[in-house]
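This is upload-v5.txt (compact mmCIF, C-alpha atoms).
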# COMPACT_ATOMS: atom_id res chain seq x y z
CA MET Z 1 90.60 -1.48 36.64
CA ASN Z 2 92.37 -4.83 36.42
CA THR Z 3 92.30 -7.12 33.43
CA ASP Z 4 89.98 -9.58 35.07
CA MET Z 5 87.37 -6.91 35.67
CA LYS Z 6 87.66 -5.68 32.08
CA ARG Z 7 87.21 -9.21 30.87
CA ARG Z 8 84.16 -9.64 33.04
CA ILE Z 9 82.59 -6.48 31.78
CA PHE Z 10 83.41 -7.40 28.21
CA LEU Z 11 81.79 -10.80 28.62
CA LYS Z 12 78.78 -9.23 30.26
CA GLY Z 13 78.53 -6.72 27.43
CA SER Z 14 78.78 -9.39 24.74
CA LEU Z 15 76.08 -11.48 26.31
CA ALA Z 16 73.80 -8.55 26.90
CA THR Z 17 73.92 -7.22 23.38
CA GLY Z 18 73.65 -10.38 21.26
CA ALA Z 19 74.32 -9.08 17.78
CA LEU Z 20 76.81 -6.48 18.92
CA GLY Z 21 78.69 -9.14 20.86
CA ILE Z 22 78.92 -11.28 17.76
CA ALA Z 23 80.10 -8.30 15.72
CA ALA Z 24 82.78 -7.56 18.29
CA GLY Z 25 83.82 -11.20 18.39
CA ALA Z 26 84.16 -11.27 14.61
CA GLY Z 27 86.42 -8.24 14.77
CA LEU Z 28 83.94 -5.95 13.06
CA LEU Z 29 84.23 -3.43 15.84
CA VAL Z 30 87.53 -1.86 16.77
CA PRO Z 31 88.39 -3.26 20.20
CA GLN Z 32 89.71 -0.02 21.75
CA ASN Z 33 86.28 1.52 21.28
CA VAL Z 34 84.71 -0.05 24.32
CA LEU Z 35 80.96 0.29 24.01
CA ALA Z 36 78.74 1.41 26.83
CA ALA Z 37 76.73 -1.80 26.64
CA TRP Z 38 73.43 -1.31 28.44
CA ASN Z 39 74.12 -2.45 31.99
CA LYS Z 40 70.94 -3.95 33.43
CA ASP Z 41 72.16 -4.04 37.04
CA ALA Z 42 73.13 -0.38 36.98
CA PHE Z 43 69.93 0.69 35.24
CA THR Z 44 67.69 -1.12 37.73
CA ALA Z 45 69.57 -0.19 40.93
CA LYS Z 46 67.41 1.83 43.30
CA LYS Z 47 70.22 3.70 45.02
CA ALA Z 48 72.76 5.98 43.38
CA GLU Z 49 75.69 4.22 45.12
CA ASP Z 50 74.51 0.79 43.96
CA ALA Z 51 74.14 2.07 40.39
CA ILE Z 52 77.65 3.54 40.40
CA GLY Z 53 79.02 0.32 41.85
CA ALA Z 54 77.26 -1.85 39.28
CA LEU Z 55 78.28 0.39 36.41
CA LEU Z 56 81.84 1.31 37.28
CA GLY Z 57 82.85 -1.52 39.61
CA ASN Z 58 83.35 0.74 42.61
CA ALA Z 59 80.85 2.88 44.49
CA VAL Z 60 83.44 5.15 46.12
CA THR Z 61 83.88 8.49 44.40
CA GLU Z 62 86.06 11.45 45.29
CA ALA Z 63 84.44 14.89 45.19
CA SER Z 64 86.17 17.00 42.58
CA ASP Z 65 86.16 20.69 41.65
CA ALA Z 66 87.27 19.73 38.17
CA ILE Z 67 83.71 18.65 37.34
CA GLN Z 68 81.09 21.28 36.61
CA ILE Z 69 77.38 20.54 36.46
CA ASN Z 70 75.18 23.06 34.77
CA ALA Z 71 71.53 22.60 35.62
CA PRO Z 72 68.74 24.95 36.63
CA GLU Z 73 68.47 25.76 40.34
CA VAL Z 74 64.71 25.37 40.04
CA ALA Z 75 63.19 23.13 37.37
CA GLU Z 76 59.55 23.94 36.77
CA ASN Z 77 59.05 20.82 34.71
CA GLY Z 78 60.75 17.71 36.07
CA ALA Z 79 60.14 15.93 32.76
CA VAL Z 80 62.73 18.08 31.02
CA VAL Z 81 65.71 19.17 33.11
CA PRO Z 82 68.70 20.27 31.02
CA VAL Z 83 71.98 19.03 32.45
CA THR Z 84 75.46 19.77 31.17
CA VAL Z 85 78.57 18.15 32.60
CA THR Z 86 81.97 19.60 31.81
CA THR Z 87 85.25 18.35 33.19
CA THR Z 88 88.92 19.17 32.78
CA LEU Z 89 89.82 15.65 33.93
CA ALA Z 90 90.95 13.21 31.22
CA ALA Z 91 87.51 11.59 31.32
CA GLU Z 92 87.05 8.02 30.18
CA SER Z 93 83.37 8.12 31.00
CA ILE Z 94 80.74 10.48 32.36
CA SER Z 95 77.58 9.28 34.13
CA ILE Z 96 74.62 11.39 35.17
CA LEU Z 97 72.40 10.39 38.10
CA ALA Z 98 69.38 11.96 39.78
CA ALA Z 99 69.88 10.82 43.38
CA ASP Z 100 66.22 10.52 44.43
CA ASN Z 101 64.75 9.13 41.22
CA PRO Z 102 63.23 5.62 41.59
CA ILE Z 103 66.09 4.51 39.33
CA PRO Z 104 68.84 7.08 39.82
CA LEU Z 105 71.09 6.33 36.83
CA THR Z 106 69.85 8.34 33.84
CA SER Z 107 72.69 7.94 31.41
CA THR Z 108 76.31 7.06 31.02
CA PHE Z 109 78.72 8.00 28.25
CA VAL Z 110 81.94 6.22 27.39
CA LEU Z 111 84.29 8.75 25.84
CA GLY Z 112 86.67 7.32 23.28
CA GLU Z 113 89.83 8.83 21.91
CA GLY Z 114 89.01 12.25 20.49
CA ALA Z 115 86.07 12.98 22.77
CA GLU Z 116 86.35 15.86 25.22
CA GLY Z 117 85.00 15.97 28.76
CA PHE Z 118 81.67 17.47 27.86
CA VAL Z 119 78.16 16.00 27.73
CA ALA Z 120 74.80 17.75 27.60
CA THR Z 121 71.38 16.13 27.74
CA ARG Z 122 67.94 16.50 29.28
CA ILE Z 123 66.76 14.26 32.10
CA LYS Z 124 63.54 13.49 33.98
CA MET Z 125 63.45 14.14 37.73
CA GLY Z 126 60.70 12.80 39.99
CA LYS Z 127 61.32 15.30 42.75
CA THR Z 128 63.82 17.77 44.19
CA SER Z 129 67.18 16.06 44.57
CA ASP Z 130 70.86 16.20 43.82
CA VAL Z 131 72.08 15.64 40.31
CA ILE Z 132 75.31 13.64 40.53
CA ALA Z 133 77.93 13.53 37.82
CA VAL Z 134 80.48 10.74 38.05
CA VAL Z 135 83.62 10.97 35.95
CA LYS Z 136 86.03 8.11 35.51
CA ALA Z 137 89.57 9.31 34.85
CA GLY Z 138 92.83 7.44 35.19
CA GLY Z 139 91.02 4.46 36.70
CA LYS Z 140 89.61 6.58 39.54
CA LEU Z 141 86.11 7.90 40.10
CA TYR Z 142 85.35 11.54 40.75
CA SER Z 143 82.00 13.13 41.38
CA ALA Z 144 80.19 16.42 41.75
CA ARG Z 145 76.67 17.18 42.98
CA ARG Z 146 74.23 19.94 42.37
CA ASN Z 147 70.81 20.33 43.94
CA VAL Z 148 67.87 20.91 41.59
CA LYS Z 149 64.50 21.90 43.00
CA VAL Z 150 61.65 20.35 41.06
CA THR Z 151 58.21 21.93 41.26
CA VAL Z 152 56.37 19.41 39.05
CA GLY Z 153 57.76 15.87 38.98
CA GLY Z 154 58.63 14.21 35.70
CA CYS Z 155 58.03 10.58 36.57
CA GLY Z 156 54.57 9.12 36.17
CA HIS Z 157 53.00 12.22 34.66
CA MET D 158 62.17 3.88 11.02
CA SER D 159 63.95 6.77 9.53
CA ASN D 160 64.46 10.46 9.95
CA THR D 161 64.24 10.31 13.72
CA ILE D 162 67.62 11.95 14.19
CA LYS D 163 68.56 15.53 13.58
CA VAL D 164 72.24 16.17 13.94
CA ARG D 165 74.49 19.16 13.59
CA ALA D 166 78.23 19.37 14.06
CA LYS D 167 80.37 22.39 13.47
CA SER D 168 84.11 22.18 13.75
CA ASP D 169 86.02 25.05 15.26
CA GLY D 170 89.77 24.70 15.65
CA GLY D 171 89.67 20.91 15.26
CA VAL D 172 86.94 20.34 17.85
CA ALA D 173 83.32 19.90 16.86
CA GLU D 174 80.32 20.20 19.11
CA VAL D 175 77.94 17.45 18.00
CA LYS D 176 74.30 18.16 18.80
CA CYS D 177 71.66 15.49 18.26
CA LEU D 178 67.93 15.63 18.66
CA ILE D 179 66.15 12.28 18.44
CA THR D 180 62.41 11.77 18.11
CA HIS D 181 61.45 9.03 20.57
CA PRO D 182 58.71 8.62 23.23
CA MET D 183 61.22 7.56 25.97
CA GLU D 184 58.48 5.77 27.88
CA GLN D 185 59.78 4.68 31.30
CA GLY D 186 57.14 2.05 31.93
CA ASN D 187 55.88 3.38 35.27
CA ARG D 188 52.77 5.14 33.96
CA LYS D 189 49.24 3.91 33.42
CA ASP D 190 47.03 4.80 30.51
CA LYS D 191 44.51 7.22 31.99
CA THR D 192 41.53 5.89 30.00
CA THR D 193 42.15 2.13 30.07
CA GLY D 194 44.07 1.85 33.36
CA GLN D 195 46.57 -0.42 31.61
CA ASP D 196 50.29 -0.13 32.30
CA ILE D 197 52.14 1.60 29.51
CA GLU D 198 55.03 -0.65 28.59
CA PRO D 199 58.57 0.70 28.68
CA HIS D 200 59.88 1.96 25.37
CA PHE D 201 63.10 3.92 25.51
CA ILE D 202 66.43 4.28 23.78
CA GLN D 203 69.14 2.23 25.47
CA ASP D 204 72.23 2.82 23.37
CA VAL D 205 73.49 5.75 21.36
CA THR D 206 76.76 5.88 19.49
CA ILE D 207 78.52 8.73 17.77
CA GLU D 208 81.13 7.86 15.18
CA ILE D 209 83.61 10.09 13.38
CA ASN D 210 85.04 8.60 10.17
CA GLY D 211 83.80 5.15 11.19
CA LYS D 212 85.34 5.23 14.66
CA VAL D 213 83.18 5.30 17.80
CA VAL D 214 84.09 8.38 19.82
CA VAL D 215 81.15 8.53 22.22
CA SER D 216 79.02 5.59 23.29
CA GLY D 217 76.10 6.36 25.56
CA ALA D 218 73.57 4.27 27.45
CA PHE D 219 70.23 5.72 28.55
CA SER D 220 67.59 4.78 31.08
CA GLY D 221 63.96 5.78 30.68
CA ALA D 222 64.79 8.88 32.70
CA ILE D 223 66.14 10.71 29.70
CA SER D 224 63.51 13.18 28.53
CA LYS D 225 61.14 12.47 25.67
CA ASN D 226 62.73 13.34 22.32
CA PRO D 227 66.25 13.11 23.71
CA TYR D 228 68.82 15.82 23.21
CA LEU D 229 72.47 14.95 23.37
CA ALA D 230 75.52 17.09 22.83
CA CYS D 231 79.20 16.24 23.10
CA ARG D 232 82.53 17.59 21.88
CA VAL D 233 84.84 15.55 19.71
CA LYS D 234 87.96 16.10 17.67
CA ALA D 235 86.78 16.51 14.08
CA ASN D 236 87.48 18.63 11.03
CA PRO D 237 85.12 19.96 8.38
CA GLY D 238 84.26 17.22 5.89
CA ASP D 239 84.68 14.38 8.39
CA THR D 240 81.90 11.81 8.33
CA LEU D 241 79.66 11.81 11.37
CA LYS D 242 77.32 8.93 12.15
CA VAL D 243 74.77 8.79 14.96
CA THR D 244 72.98 5.53 15.80
CA TRP D 245 70.41 4.64 18.45
CA VAL D 246 68.88 1.32 19.53
CA ASP D 247 65.89 1.07 21.88
CA ASN D 248 64.71 -1.65 24.28
CA LYS D 249 62.40 -3.12 21.62
CA GLY D 250 65.24 -3.45 19.14
CA ASP D 251 64.11 -0.55 16.97
CA LYS D 252 66.99 1.48 15.65
CA ASP D 253 67.91 4.31 13.39
CA SER D 254 71.06 5.99 12.22
CA VAL D 255 72.02 9.04 10.24
CA GLU D 256 75.18 10.12 8.48
CA ASP D 257 76.24 13.68 7.92
CA GLN D 258 79.36 15.70 7.37
CA VAL D 259 81.03 17.85 9.97
CA LYS D 260 80.77 21.48 8.89
Before anything else, please render the file you have as structure tokens.
Amino acid sequence: MNTDMKRRIFLKGSLATGALGIAAGAGLLVPQNVLAAWNKDAFTAKKAEDAIGALLGNAVTEASDAIQINAPEVAENGAVVPVTVTTTLAAESISILAADNPIPLTSTFVLGEGAEGFVATRIKMGKTSDVIAVVKAGGKLYSARRNVKVTVGGCGH
Amino acid sequence: MSNTIKVRAKSDGGVAEVKCLITHPMEQGNRKDKTTGQDIEPHFIQDVTIEINGKVVVSGAFSGAISKNPYLACRVKANPGDTLKVTWVDNKGDKDSVEDQVK
């Protein structure tokens, strides 16, 4: 990621999070701890690729065996699907998407110094689809997919 | 708001698994109230941060597609006695945070 892009994202982040932006500007927050400021474009994108592009500046990801997704093969309740992402890559961030959700991006985690490549959470899935994990490492994007069959959808119920 | 976060972190060999359970409706905003037919407005956590000794180690952003009463776990470098702080902020500006020690 070049400096200009970083600057753009920083500006976007400051504007989006009012008080936080002011705190960062006043030096109250340590600058190396880049916050995962809530990215409206990424969290309203209707396609997984668009969400990845809006969030990470590039929609092209390379499939990687170094990312493991743990999720049930069949989820009886789409409202609560446990997902664990583990990676041996030097992850700067991990994002979890449900490809066929109305809004695919469920969450994104910026990992600071001292955080390992591991995130576990529970997501809602509207229907059977791939769960996609996108890991940013060394300025490149890597991804893994895993299909989860949903018997009862978790959106709108 | 207070006491919406339960957190546990146990250090083993310098790495702690931090587990958080947050009480929150995580309303996506695409449902209707079955009795009134009114849209239920979105109400979900947008930002979560985990700090060790005052330094942000994990910063997460959520959509409404994180399950009700969110669970979050991550692994961070931490030793017993380190201060752990978990904070969340939702789309209505509500927030809560909790401090605990790594065990």
So which one's closest to chain Z, D:Asp196, D:Asp204, D:Asp190, D:Glu184? Using all atoms listed in the file, please. D:Asp204
Two-atom distance - atom CA of D:Ser254, atom CA of D:Arg165 (Å):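 Computed distance, atom CA of D:Ser254 to atom CA of D:Arg165, equals 13.7 Å.
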With a distance cut-off of 6 Å and only C-alpha atoms, select the neighbouring residues of Z:Ile94, excluding the residue or stretch itself and same-chain residues fewer than 6 positions from it, and output the selection as a tab-separated table (two decimals) with C-alpha atoms, keeping the file's coordinate frame.
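What ended up in result_34.tsv:
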chain	number	residue	atom	x	y	z
Z	108	THR	CA	76.31	7.06	31.02
Z	109	PHE	CA	78.72	8.00	28.25
Z	134	VAL	CA	80.48	10.74	38.05
Z	135	VAL	CA	83.62	10.97	35.95
What's the 10 Å shell around Z:Asn70, counting only C-alpha atoms, without same-chain residues fewer than 6 positions away, as a compact mmCIF listing (two decimals) with C-alpha atoms, keeping the file's coordinate frame?
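Writing the result to around-v4.txt gives the following:
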# COMPACT_ATOMS: atom_id res chain seq x y z
CA PRO Z 82 68.70 20.27 31.02
CA VAL Z 83 71.98 19.03 32.45
CA THR Z 84 75.46 19.77 31.17
CA VAL Z 85 78.57 18.15 32.60
CA THR Z 86 81.97 19.60 31.81
CA ALA Z 120 74.80 17.75 27.60
CA VAL Z 131 72.08 15.64 40.31
CA ARG Z 146 74.23 19.94 42.37
Select, as an MDAnalysis selection string, those residues of chain Z with any atom no more than 10 Å from chain D (distances computed using all atoms listed in the file). chainID Z and resid 29:30 32:40 42:44 78:86 92:98 101:126 154:157
For atom CA of Z:Asn77 and atom CA of D:Ile179, the interatomic separation in Å (one decimal): 19.7 Å
I'd like the box whose edges run along x, y and z of the file and which contains every listed atom of stretch 194-199 of chain D, padded by 5 Å per side; could you state its centre and edge lengths in Å, one decimal, as JSON?
{"center_x": 51.3, "center_y": 0.6, "center_z": 31.0, "size_x": 24.5, "size_y": 12.5, "size_z": 14.8}
I want to know what sits within 7 Å of Z:Asp50, based on only C-alpha atoms, with residues of the same chain fewer than 4 positions away left out; could you give that as a ChimeraX atom specification? /Z:45,54,59
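For the pair atom CA of D:Asp253 and atom CA of Z:Asp41, the separation is 25.4 Å.
Minimum distance to Z:Ser143 across Z:Gln68, Z:Ser129, Z:Thr88, Z:Asn58 (counting only C-alpha atoms) occurs at Z:Gln68.
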So which one's closest to D:Thr161, D:Asn210, D:Leu241, D:Val255, D:Pro199? Using all atoms listed in the file, please.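 Looking only at the distances to D:Thr161, the closest residue turns out to be D:Val255.
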Z:Ala63 surroundings by all atoms listed in the file, 10 Å radius, close-in-sequence under 3 positions cut, as a list in words: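 In the requested form, the answer reads Val60, Ala66, Ile67, Ala133, Val134, Leu141, Tyr142, Ser143, Ala144 and Arg145 of chain Z.
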